[in-house]
>>> print(open('protein.cif').read())   # mmCIF, C-alpha atoms
data_data
loop_
_atom_site.label_atom_id
_atom_site.label_comp_id
_atom_site.auth_asym_id
_atom_site.auth_seq_id
_atom_site.Cartn_x
_atom_site.Cartn_y
_atom_site.Cartn_z
CA MET A 26 0.00 0.00 0.00
CA LYS A 27 1.28 3.48 -0.90
CA GLU A 28 2.22 5.52 2.16
CA GLN A 29 -0.03 8.49 2.79
CA LYS A 30 1.82 11.78 2.59
CA PHE A 31 0.77 15.22 3.75
CA LYS A 32 0.13 18.07 1.31
CA TYR A 33 1.93 21.44 1.45
CA LEU A 34 1.04 24.68 -0.34
CA ALA A 35 3.65 27.47 -0.43
CA LEU A 36 2.47 30.95 -1.46
CA GLY A 37 4.75 33.90 -2.18
CA ASP A 38 7.21 35.61 -4.48
CA SER A 39 10.91 35.28 -5.37
CA TYR A 40 11.78 34.27 -1.80
CA THR A 41 9.48 31.26 -2.10
CA ILE A 42 10.71 30.05 -5.49
CA GLY A 43 14.28 30.74 -4.40
CA GLU A 44 15.47 33.09 -7.14
CA GLY A 45 19.08 32.19 -7.92
CA VAL A 46 19.28 28.86 -6.06
CA GLN A 47 18.63 25.27 -7.10
CA GLU A 48 15.08 23.94 -6.80
CA SER A 49 16.18 21.64 -3.99
CA GLU A 50 17.46 24.69 -2.06
CA ARG A 51 14.16 26.57 -1.99
CA TYR A 52 12.95 26.89 1.58
CA PRO A 53 9.73 24.89 0.99
CA MET A 54 11.76 22.00 -0.46
CA VAL A 55 14.27 22.15 2.40
CA LEU A 56 11.43 22.26 4.93
CA VAL A 57 9.95 19.06 3.54
CA GLU A 58 13.34 17.34 3.87
CA LEU A 59 13.74 18.55 7.45
CA LEU A 60 10.27 17.28 8.37
CA LYS A 61 11.11 13.96 6.73
CA GLU A 62 13.90 13.61 9.30
CA GLU A 63 11.14 13.85 11.92
CA ASN A 64 9.18 11.07 10.14
CA ILE A 65 6.62 13.60 8.91
CA LEU A 66 6.27 12.88 5.20
CA PHE A 67 5.05 15.40 2.64
CA ASP A 68 4.49 15.24 -1.09
CA LYS A 69 6.50 17.69 -3.18
CA PRO A 70 5.26 21.18 -2.24
CA MET A 71 2.76 22.94 -4.48
CA ILE A 72 4.36 26.35 -5.01
CA ILE A 73 2.46 29.39 -6.28
CA ALA A 74 5.05 32.15 -6.48
CA THR A 75 6.77 34.35 -9.06
CA THR A 76 9.63 36.81 -8.75
CA GLY A 77 8.30 40.35 -8.40
CA TRP A 78 4.81 39.46 -7.25
CA THR A 79 2.91 41.84 -4.98
CA THR A 80 -0.09 40.83 -2.87
CA ASP A 81 -2.60 41.48 -5.64
CA GLU A 82 -0.49 39.59 -8.18
CA LEU A 83 -0.31 36.60 -5.84
CA GLN A 84 -4.10 36.76 -5.52
CA LYS A 85 -4.38 36.62 -9.31
CA GLY A 86 -1.83 33.81 -9.45
CA ILE A 87 -3.93 31.78 -7.04
CA ALA A 88 -7.09 32.49 -9.04
CA ASP A 89 -5.36 31.43 -12.26
CA THR A 90 -4.06 28.14 -10.82
CA SER A 91 -6.26 25.15 -11.50
CA GLY A 92 -6.44 22.05 -9.36
CA LEU A 93 -5.89 23.70 -5.99
CA ASN A 94 -7.07 21.39 -3.26
CA GLU A 95 -8.63 23.11 -0.25
CA ALA A 96 -7.31 20.44 2.10
CA TYR A 97 -3.63 21.19 2.52
CA ASP A 98 -2.02 20.02 5.73
CA LEU A 99 0.47 22.91 5.68
CA VAL A 100 0.34 26.36 4.06
CA THR A 101 3.11 28.95 4.19
CA LEU A 102 2.78 32.58 3.12
CA LEU A 103 5.66 34.98 2.48
CA ILE A 104 4.66 38.11 0.56
CA GLY A 105 5.02 41.88 0.73
CA VAL A 106 8.56 42.85 -0.22
CA ASN A 107 7.49 43.97 -3.69
CA ASN A 108 4.65 46.06 -2.24
CA GLN A 109 7.28 47.92 -0.24
CA TYR A 110 9.78 48.02 -3.14
CA ARG A 111 7.21 49.59 -5.47
CA GLY A 112 6.10 52.12 -2.87
CA ARG A 113 2.67 50.61 -2.40
CA ASP A 114 0.38 51.91 0.33
CA LEU A 115 0.52 50.19 3.72
CA GLU A 116 -3.25 50.31 4.25
CA ASN A 117 -3.82 48.67 0.87
CA PHE A 118 -1.25 46.01 1.80
CA LYS A 119 -3.11 45.28 5.04
CA GLU A 120 -6.36 44.68 3.17
CA GLU A 121 -4.80 42.47 0.51
CA PHE A 122 -2.65 40.52 2.97
CA ALA A 123 -5.67 39.84 5.20
CA SER A 124 -7.56 38.55 2.17
CA LEU A 125 -4.63 36.32 1.18
CA LEU A 126 -4.39 34.98 4.70
CA ASP A 127 -8.09 34.11 4.67
CA LYS A 128 -7.46 32.18 1.45
CA ALA A 129 -4.49 30.42 3.02
CA ILE A 130 -6.62 29.38 6.00
CA ALA A 131 -9.30 28.09 3.63
CA PHE A 132 -6.67 26.07 1.75
CA ALA A 133 -5.69 24.55 5.10
CA GLY A 134 -9.23 23.29 5.58
CA ASN A 135 -10.05 26.24 7.84
CA HIS A 136 -7.35 25.23 10.32
CA PRO A 137 -5.36 28.40 11.07
CA ASP A 138 -2.88 26.38 13.15
CA GLN A 139 -1.72 24.76 9.88
CA VAL A 140 -0.83 28.14 8.32
CA PHE A 141 2.57 29.78 8.83
CA VAL A 142 3.40 33.36 7.85
CA LEU A 143 6.98 34.54 7.42
CA SER A 144 8.12 38.13 7.84
CA ILE A 145 9.57 40.17 4.96
CA PRO A 146 13.38 40.10 4.77
CA ASP A 147 15.11 43.50 4.64
CA TRP A 148 16.56 43.71 1.12
CA GLY A 149 18.05 47.10 2.02
CA ILE A 150 21.04 45.42 3.70
CA THR A 151 22.11 43.56 0.56
CA PRO A 152 25.11 44.41 -1.64
CA PHE A 153 22.60 45.13 -4.44
CA ALA A 154 20.91 47.83 -2.35
CA LYS A 155 24.22 49.30 -1.26
CA GLY A 156 25.36 49.43 -4.89
CA LYS A 157 22.21 51.37 -5.75
CA GLU A 158 22.83 53.70 -2.77
CA VAL A 159 19.41 52.91 -1.40
CA ASP A 160 18.26 54.73 1.74
CA GLN A 161 18.65 51.74 4.05
CA GLU A 162 16.98 53.39 7.04
CA LYS A 163 13.90 54.23 4.97
CA VAL A 164 13.67 50.70 3.59
CA ALA A 165 14.12 49.22 7.06
CA ALA A 166 11.43 51.45 8.57
CA GLU A 167 8.93 50.62 5.82
CA ILE A 168 9.63 46.89 6.05
CA ASP A 169 9.16 47.06 9.82
CA SER A 170 5.77 48.72 9.28
CA PHE A 171 4.71 46.03 6.80
CA ASN A 172 5.93 43.28 9.12
CA ASN A 173 4.16 44.76 12.13
CA ALA A 174 0.95 44.69 10.10
CA LYS A 175 1.58 41.10 9.00
CA GLU A 176 2.19 39.97 12.56
CA GLU A 177 -0.89 41.74 13.94
CA ILE A 178 -3.17 40.34 11.22
CA SER A 179 -1.69 36.85 11.53
CA ARG A 180 -2.12 36.70 15.28
CA SER A 181 -5.67 38.07 15.06
CA LYS A 182 -6.55 35.10 12.84
CA GLY A 183 -4.77 32.53 15.01
CA VAL A 184 -1.93 32.03 12.52
CA SER A 185 1.72 31.46 13.44
CA TYR A 186 4.10 34.29 12.54
CA THR A 187 7.84 33.69 12.11
CA ASP A 188 10.31 36.57 12.19
CA ILE A 189 13.14 35.94 9.72
CA THR A 190 13.98 39.64 9.31
CA ASP A 191 16.29 40.12 12.30
CA HIS A 192 18.45 37.14 11.32
CA TYR A 193 18.61 38.35 7.72
CA ARG A 194 19.72 41.80 8.83
CA MET A 195 22.60 40.18 10.67
CA HIS A 196 23.64 37.67 8.02
CA GLY A 197 22.19 38.66 4.65
CA ASP A 198 25.03 41.01 3.77
CA LYS A 199 27.82 38.65 4.81
CA GLU A 200 29.82 36.45 2.45
CA GLY A 201 27.62 33.60 1.27
CA GLY A 202 24.46 35.40 2.30
CA VAL A 203 23.19 36.21 -1.19
CA VAL A 204 23.25 34.63 -4.66
CA ALA A 205 24.94 35.98 -7.79
CA ASP A 206 22.48 38.87 -8.23
CA LYS A 207 23.65 40.22 -4.84
CA LEU A 208 20.01 40.63 -3.83
CA HIS A 209 18.30 37.31 -3.21
CA PRO A 210 19.15 35.02 -0.28
CA SER A 211 21.50 32.08 -0.55
CA ALA A 212 20.75 28.45 0.22
CA LYS A 213 22.31 28.98 3.66
CA ILE A 214 19.72 31.63 4.47
CA TYR A 215 16.85 29.49 3.18
CA LEU A 216 18.02 26.63 5.38
CA HIS A 217 17.70 28.90 8.41
CA TRP A 218 14.15 29.84 7.40
CA ALA A 219 13.23 26.17 6.99
CA GLU A 220 14.72 25.34 10.38
CA GLN A 221 12.67 28.10 12.00
CA LEU A 222 9.52 26.78 10.38
CA ARG A 223 10.29 23.20 11.35
CA SER A 224 10.44 24.25 15.01
CA LYS A 225 7.11 26.06 14.78
CA ILE A 226 5.44 23.17 12.96
CA LEU A 227 6.66 20.58 15.46
CA LYS A 228 5.38 22.70 18.36
CA ALA A 229 1.98 23.04 16.67
CA ARG A 230 1.49 19.29 16.22
#
>>> encode(input="protein.cif", output="structure tokens")
Amino acid sequence: MKEQKFKYLALGDSYTIGEGVQESERYPMVLVELLKEENILFDKPMIIATTGWTTDELQKGIADTSGLNEAYDLVTLLIGVNNQYRGRDLENFKEEFASLLDKAIAFAGNHPDQVFVLSIPDWGITPFAKGKEVDQEKVAAEIDSFNNAKEEISRSKGVSYTDITDHYRMHGDKEGGVVADKLHPSAKIYLHWAEQLRSKILKAR
């Protein structure tokens, strides 16, 4: 008899598809491997994510994806950096993020304890940003505002929120912290994210 495996849906943008790293190094793929070590077996993650997506573009991506099963055992959501990057309004982000989170909960069979939100990494600390002479303090302040909103909305809906921003600010600009484009995180960073999620998931079981 074929062994029953859990189903995992990962929603997001370039951070979820792992721009610049191998498919096996994407954080959803690494997370599945880490959970396998705990004898928690998942099918290959269903990933709905594209580099550059904002909250509304992720909503459209979900709507355009056929065959989505509203019975996922695990759903992760990491979105918002491109809203900030494009100068989108915070209030608009709150509305669209809340709507996305409601969709994520529905995909998890209306079990908010099976949904895990990740904070937005601070791209302002990267060599790419420094090369563009970006106002790092402004970027950091805006990302903090977006993350505060994400955390508040997540907790209000009973969803786990994982802060990956502080760690990224400490390590994202160090050697081996980014890929060739000097912007997106390396496999080492994604491993940390997956480890953080594994801990949260094990506690929630």
>>> residues_around(input="protein.cif", residues="region 204-214 of chain A", least_positions_apart="3", cutoff="12 Å", atoms="only C-alpha atoms", output="compact mmCIF listing (two decimals) with C-alpha atoms, in the coordinates of the input")
# COMPACT_ATOMS: atom_id res chain seq x y z
CA ASP A 38 7.21 35.61 -4.48
CA SER A 39 10.91 35.28 -5.37
CA TYR A 40 11.78 34.27 -1.80
CA THR A 41 9.48 31.26 -2.10
CA ILE A 42 10.71 30.05 -5.49
CA GLY A 43 14.28 30.74 -4.40
CA GLU A 44 15.47 33.09 -7.14
CA GLY A 45 19.08 32.19 -7.92
CA VAL A 46 19.28 28.86 -6.06
CA GLN A 47 18.63 25.27 -7.10
CA GLU A 48 15.08 23.94 -6.80
CA SER A 49 16.18 21.64 -3.99
CA GLU A 50 17.46 24.69 -2.06
CA ARG A 51 14.16 26.57 -1.99
CA TYR A 52 12.95 26.89 1.58
CA PRO A 53 9.73 24.89 0.99
CA MET A 54 11.76 22.00 -0.46
CA VAL A 55 14.27 22.15 2.40
CA THR A 76 9.63 36.81 -8.75
CA GLY A 77 8.30 40.35 -8.40
CA VAL A 106 8.56 42.85 -0.22
CA PRO A 146 13.38 40.10 4.77
CA ASP A 147 15.11 43.50 4.64
CA TRP A 148 16.56 43.71 1.12
CA GLY A 149 18.05 47.10 2.02
CA ILE A 150 21.04 45.42 3.70
CA THR A 151 22.11 43.56 0.56
CA PRO A 152 25.11 44.41 -1.64
CA PHE A 153 22.60 45.13 -4.44
CA ALA A 154 20.91 47.83 -2.35
CA LYS A 155 24.22 49.30 -1.26
CA GLY A 156 25.36 49.43 -4.89
CA LYS A 157 22.21 51.37 -5.75
CA ILE A 189 13.14 35.94 9.72
CA THR A 190 13.98 39.64 9.31
CA HIS A 192 18.45 37.14 11.32
CA TYR A 193 18.61 38.35 7.72
CA ARG A 194 19.72 41.80 8.83
CA MET A 195 22.60 40.18 10.67
CA HIS A 196 23.64 37.67 8.02
CA GLY A 197 22.19 38.66 4.65
CA ASP A 198 25.03 41.01 3.77
CA LYS A 199 27.82 38.65 4.81
CA GLU A 200 29.82 36.45 2.45
CA GLY A 201 27.62 33.60 1.27
CA HIS A 217 17.70 28.90 8.41
CA TRP A 218 14.15 29.84 7.40
CA ALA A 219 13.23 26.17 6.99
CA GLU A 220 14.72 25.34 10.38
CA GLN A 221 12.67 28.10 12.00
>>> atom_distance(input="protein.cif", atom1="CA of Ala96 (chain A)", atom2="CA of Ala129 (chain A)")
10.4 Å
>>> atom_distance(input="protein.cif", atom1="CA of Tyr33 (chain A)", atom2="CA of Met71 (chain A)")
6.2 Å
>>> resolve_selection(input="protein.cif", expression="the PyMOL selection byres ((chain A and resi 109) around 9)", output="list in words")
Thr79, Gly105, Val106, Asn107, Asn108, Tyr110, Arg111, Gly112, Arg113, Asp114, Leu115, Phe118, Val164, Glu167, Ile168 and Phe171 of chain A
>>> axis_aligned_box(input="protein.cif", around="region 120-128 of chain A", padding_each_side="3 Å", output="lines of an AutoDock Vina configuration file")
center_x = -5.4
center_y = 38.4
center_z = 2.9
size_x = 11.4
size_y = 18.5
size_z = 10.7
>>> atom_distance(input="protein.cif", atom1="CA of Glu82 (chain A)", atom2="CA of Glu121 (chain A)")
10.1 Å
>>> residues_around(input="protein.cif", residues="Ala174 (chain A)", least_positions_apart="2", cutoff="12 Å", atoms="all atoms listed in the file", output="PyMOL selection string")
chain A and resi 105+115-123+142+144-145+167-172+176-181+186
>>> closest_residue(input="protein.cif", among="A:Leu222, A:Ala35, A:Leu102, A:Ala133", to="Leu59 (chain A)", atoms="all atoms listed in the file")
A:Leu222
>>> closest_residue(input="protein.cif", among="A:Gln161, A:Asn94, A:Gln84, A:Ser185", to="Phe132 (chain A)", atoms="only C-alpha atoms")
A:Asn94
>>> resolve_selection(input="protein.cif", expression="the PyMOL selection byres ((chain A and resi 95) around 12)", output="list in words")
Lys32, Tyr33, Leu34, Ile87, Ser91, Gly92, Leu93, Asn94, Ala96, Tyr97, Asp98, Leu99, Val100, Lys128, Ala129, Ile130, Ala131, Phe132, Ala133, Gly134, Asn135 and His136 of chain A
>>> closest_residue(input="protein.cif", among="A:Lys30, A:Lys85, A:Lys163, A:Lys225", to="Thr101 (chain A)", atoms="all atoms listed in the file")
A:Lys225
>>> build_atoms(input="protein.cif", residues="region 81-112 of chain A", atoms="N, CA and C atoms", output="PDB file, keeping the file's coordinate frame")
ATOM      1  N   ASP A  81      -1.522  41.634  -4.665  1.00  0.00           N
ATOM      2  CA  ASP A  81      -2.600  41.480  -5.640  1.00  0.00           C
ATOM      3  C   ASP A  81      -2.212  40.532  -6.769  1.00  0.00           C
ATOM      4  N   GLU A  82      -0.938  40.510  -7.122  1.00  0.00           N
ATOM      5  CA  GLU A  82      -0.490  39.590  -8.180  1.00  0.00           C
ATOM      6  C   GLU A  82      -0.493  38.149  -7.688  1.00  0.00           C
ATOM      7  N   LEU A  83      -0.199  37.944  -6.408  1.00  0.00           N
ATOM      8  CA  LEU A  83      -0.310  36.600  -5.840  1.00  0.00           C
ATOM      9  C   LEU A  83      -1.776  36.168  -5.820  1.00  0.00           C
ATOM     10  N   GLN A  84      -2.674  37.089  -5.485  1.00  0.00           N
ATOM     11  CA  GLN A  84      -4.100  36.760  -5.520  1.00  0.00           C
ATOM     12  C   GLN A  84      -4.521  36.298  -6.904  1.00  0.00           C
ATOM     13  N   LYS A  85      -4.051  36.999  -7.932  1.00  0.00           N
ATOM     14  CA  LYS A  85      -4.380  36.620  -9.310  1.00  0.00           C
ATOM     15  C   LYS A  85      -3.738  35.278  -9.656  1.00  0.00           C
ATOM     16  N   GLY A  86      -2.503  35.072  -9.194  1.00  0.00           N
ATOM     17  CA  GLY A  86      -1.830  33.810  -9.450  1.00  0.00           C
ATOM     18  C   GLY A  86      -2.578  32.628  -8.860  1.00  0.00           C
ATOM     19  N   ILE A  87      -3.125  32.829  -7.672  1.00  0.00           N
ATOM     20  CA  ILE A  87      -3.930  31.780  -7.040  1.00  0.00           C
ATOM     21  C   ILE A  87      -5.196  31.525  -7.861  1.00  0.00           C
ATOM     22  N   ALA A  88      -5.856  32.621  -8.259  1.00  0.00           N
ATOM     23  CA  ALA A  88      -7.090  32.490  -9.040  1.00  0.00           C
ATOM     24  C   ALA A  88      -6.855  31.797 -10.374  1.00  0.00           C
ATOM     25  N   ASP A  89      -5.674  31.998 -10.944  1.00  0.00           N
ATOM     26  CA  ASP A  89      -5.360  31.430 -12.260  1.00  0.00           C
ATOM     27  C   ASP A  89      -4.820  30.000 -12.183  1.00  0.00           C
ATOM     28  N   THR A  90      -4.610  29.492 -10.984  1.00  0.00           N
ATOM     29  CA  THR A  90      -4.060  28.140 -10.820  1.00  0.00           C
ATOM     30  C   THR A  90      -5.183  27.129 -10.668  1.00  0.00           C
ATOM     31  N   SER A  91      -5.222  26.178 -11.567  1.00  0.00           N
ATOM     32  CA  SER A  91      -6.260  25.150 -11.500  1.00  0.00           C
ATOM     33  C   SER A  91      -5.804  23.991 -10.631  1.00  0.00           C
ATOM     34  N   GLY A  92      -6.745  23.255 -10.110  1.00  0.00           N
ATOM     35  CA  GLY A  92      -6.440  22.050  -9.360  1.00  0.00           C
ATOM     36  C   GLY A  92      -6.018  22.262  -7.927  1.00  0.00           C
ATOM     37  N   LEU A  93      -6.238  23.463  -7.396  1.00  0.00           N
ATOM     38  CA  LEU A  93      -5.890  23.700  -5.990  1.00  0.00           C
ATOM     39  C   LEU A  93      -6.857  22.935  -5.091  1.00  0.00           C
ATOM     40  N   ASN A  94      -6.290  22.225  -4.159  1.00  0.00           N
ATOM     41  CA  ASN A  94      -7.070  21.390  -3.260  1.00  0.00           C
ATOM     42  C   ASN A  94      -7.208  22.108  -1.922  1.00  0.00           C
ATOM     43  N   GLU A  95      -8.432  22.379  -1.506  1.00  0.00           N
ATOM     44  CA  GLU A  95      -8.630  23.110  -0.250  1.00  0.00           C
ATOM     45  C   GLU A  95      -8.546  22.170   0.950  1.00  0.00           C
ATOM     46  N   ALA A  96      -7.512  21.359   0.988  1.00  0.00           N
ATOM     47  CA  ALA A  96      -7.310  20.440   2.100  1.00  0.00           C
ATOM     48  C   ALA A  96      -5.818  20.212   2.308  1.00  0.00           C
ATOM     49  N   TYR A  97      -5.065  21.297   2.298  1.00  0.00           N
ATOM     50  CA  TYR A  97      -3.630  21.190   2.520  1.00  0.00           C
ATOM     51  C   TYR A  97      -3.345  21.075   4.015  1.00  0.00           C
ATOM     52  N   ASP A  98      -2.369  20.237   4.340  1.00  0.00           N
ATOM     53  CA  ASP A  98      -2.020  20.020   5.730  1.00  0.00           C
ATOM     54  C   ASP A  98      -1.075  21.102   6.255  1.00  0.00           C
ATOM     55  N   LEU A  99      -0.468  21.842   5.329  1.00  0.00           N
ATOM     56  CA  LEU A  99       0.470  22.910   5.680  1.00  0.00           C
ATOM     57  C   LEU A  99       0.414  23.983   4.590  1.00  0.00           C
ATOM     58  N   VAL A 100       0.302  25.227   4.999  1.00  0.00           N
ATOM     59  CA  VAL A 100       0.340  26.360   4.060  1.00  0.00           C
ATOM     60  C   VAL A 100       1.298  27.398   4.622  1.00  0.00           C
ATOM     61  N   THR A 101       2.241  27.851   3.785  1.00  0.00           N
ATOM     62  CA  THR A 101       3.110  28.950   4.190  1.00  0.00           C
ATOM     63  C   THR A 101       2.844  30.156   3.292  1.00  0.00           C
ATOM     64  N   LEU A 102       3.024  31.341   3.849  1.00  0.00           N
ATOM     65  CA  LEU A 102       2.780  32.580   3.120  1.00  0.00           C
ATOM     66  C   LEU A 102       3.885  33.578   3.419  1.00  0.00           C
ATOM     67  N   LEU A 103       4.606  33.960   2.374  1.00  0.00           N
ATOM     68  CA  LEU A 103       5.660  34.980   2.480  1.00  0.00           C
ATOM     69  C   LEU A 103       5.493  35.945   1.311  1.00  0.00           C
ATOM     70  N   ILE A 104       4.978  37.134   1.603  1.00  0.00           N
ATOM     71  CA  ILE A 104       4.660  38.110   0.560  1.00  0.00           C
ATOM     72  C   ILE A 104       4.787  39.515   1.147  1.00  0.00           C
ATOM     73  N   GLY A 105       5.045  40.488   0.293  1.00  0.00           N
ATOM     74  CA  GLY A 105       5.020  41.880   0.730  1.00  0.00           C
ATOM     75  C   GLY A 105       6.220  42.708   0.353  1.00  0.00           C
ATOM     76  N   VAL A 106       7.366  42.064   0.068  1.00  0.00           N
ATOM     77  CA  VAL A 106       8.560  42.850  -0.220  1.00  0.00           C
ATOM     78  C   VAL A 106       8.378  43.713  -1.464  1.00  0.00           C
ATOM     79  N   ASN A 107       7.663  43.203  -2.455  1.00  0.00           N
ATOM     80  CA  ASN A 107       7.490  43.970  -3.690  1.00  0.00           C
ATOM     81  C   ASN A 107       6.467  45.088  -3.530  1.00  0.00           C
ATOM     82  N   ASN A 108       5.529  44.928  -2.582  1.00  0.00           N
ATOM     83  CA  ASN A 108       4.650  46.060  -2.240  1.00  0.00           C
ATOM     84  C   ASN A 108       5.496  47.205  -1.712  1.00  0.00           C
ATOM     85  N   GLN A 109       6.405  46.886  -0.800  1.00  0.00           N
ATOM     86  CA  GLN A 109       7.280  47.920  -0.240  1.00  0.00           C
ATOM     87  C   GLN A 109       8.209  48.482  -1.311  1.00  0.00           C
ATOM     88  N   TYR A 110       8.808  47.613  -2.109  1.00  0.00           N
ATOM     89  CA  TYR A 110       9.780  48.020  -3.140  1.00  0.00           C
ATOM     90  C   TYR A 110       9.155  48.986  -4.145  1.00  0.00           C
ATOM     91  N   ARG A 111       7.902  48.741  -4.480  1.00  0.00           N
ATOM     92  CA  ARG A 111       7.210  49.590  -5.470  1.00  0.00           C
ATOM     93  C   ARG A 111       6.545  50.803  -4.837  1.00  0.00           C
ATOM     94  N   GLY A 112       6.690  50.958  -3.538  1.00  0.00           N
ATOM     95  CA  GLY A 112       6.100  52.120  -2.870  1.00  0.00           C
ATOM     96  C   GLY A 112       4.611  52.023  -2.684  1.00  0.00           C
TER      97      GLY A 112
END
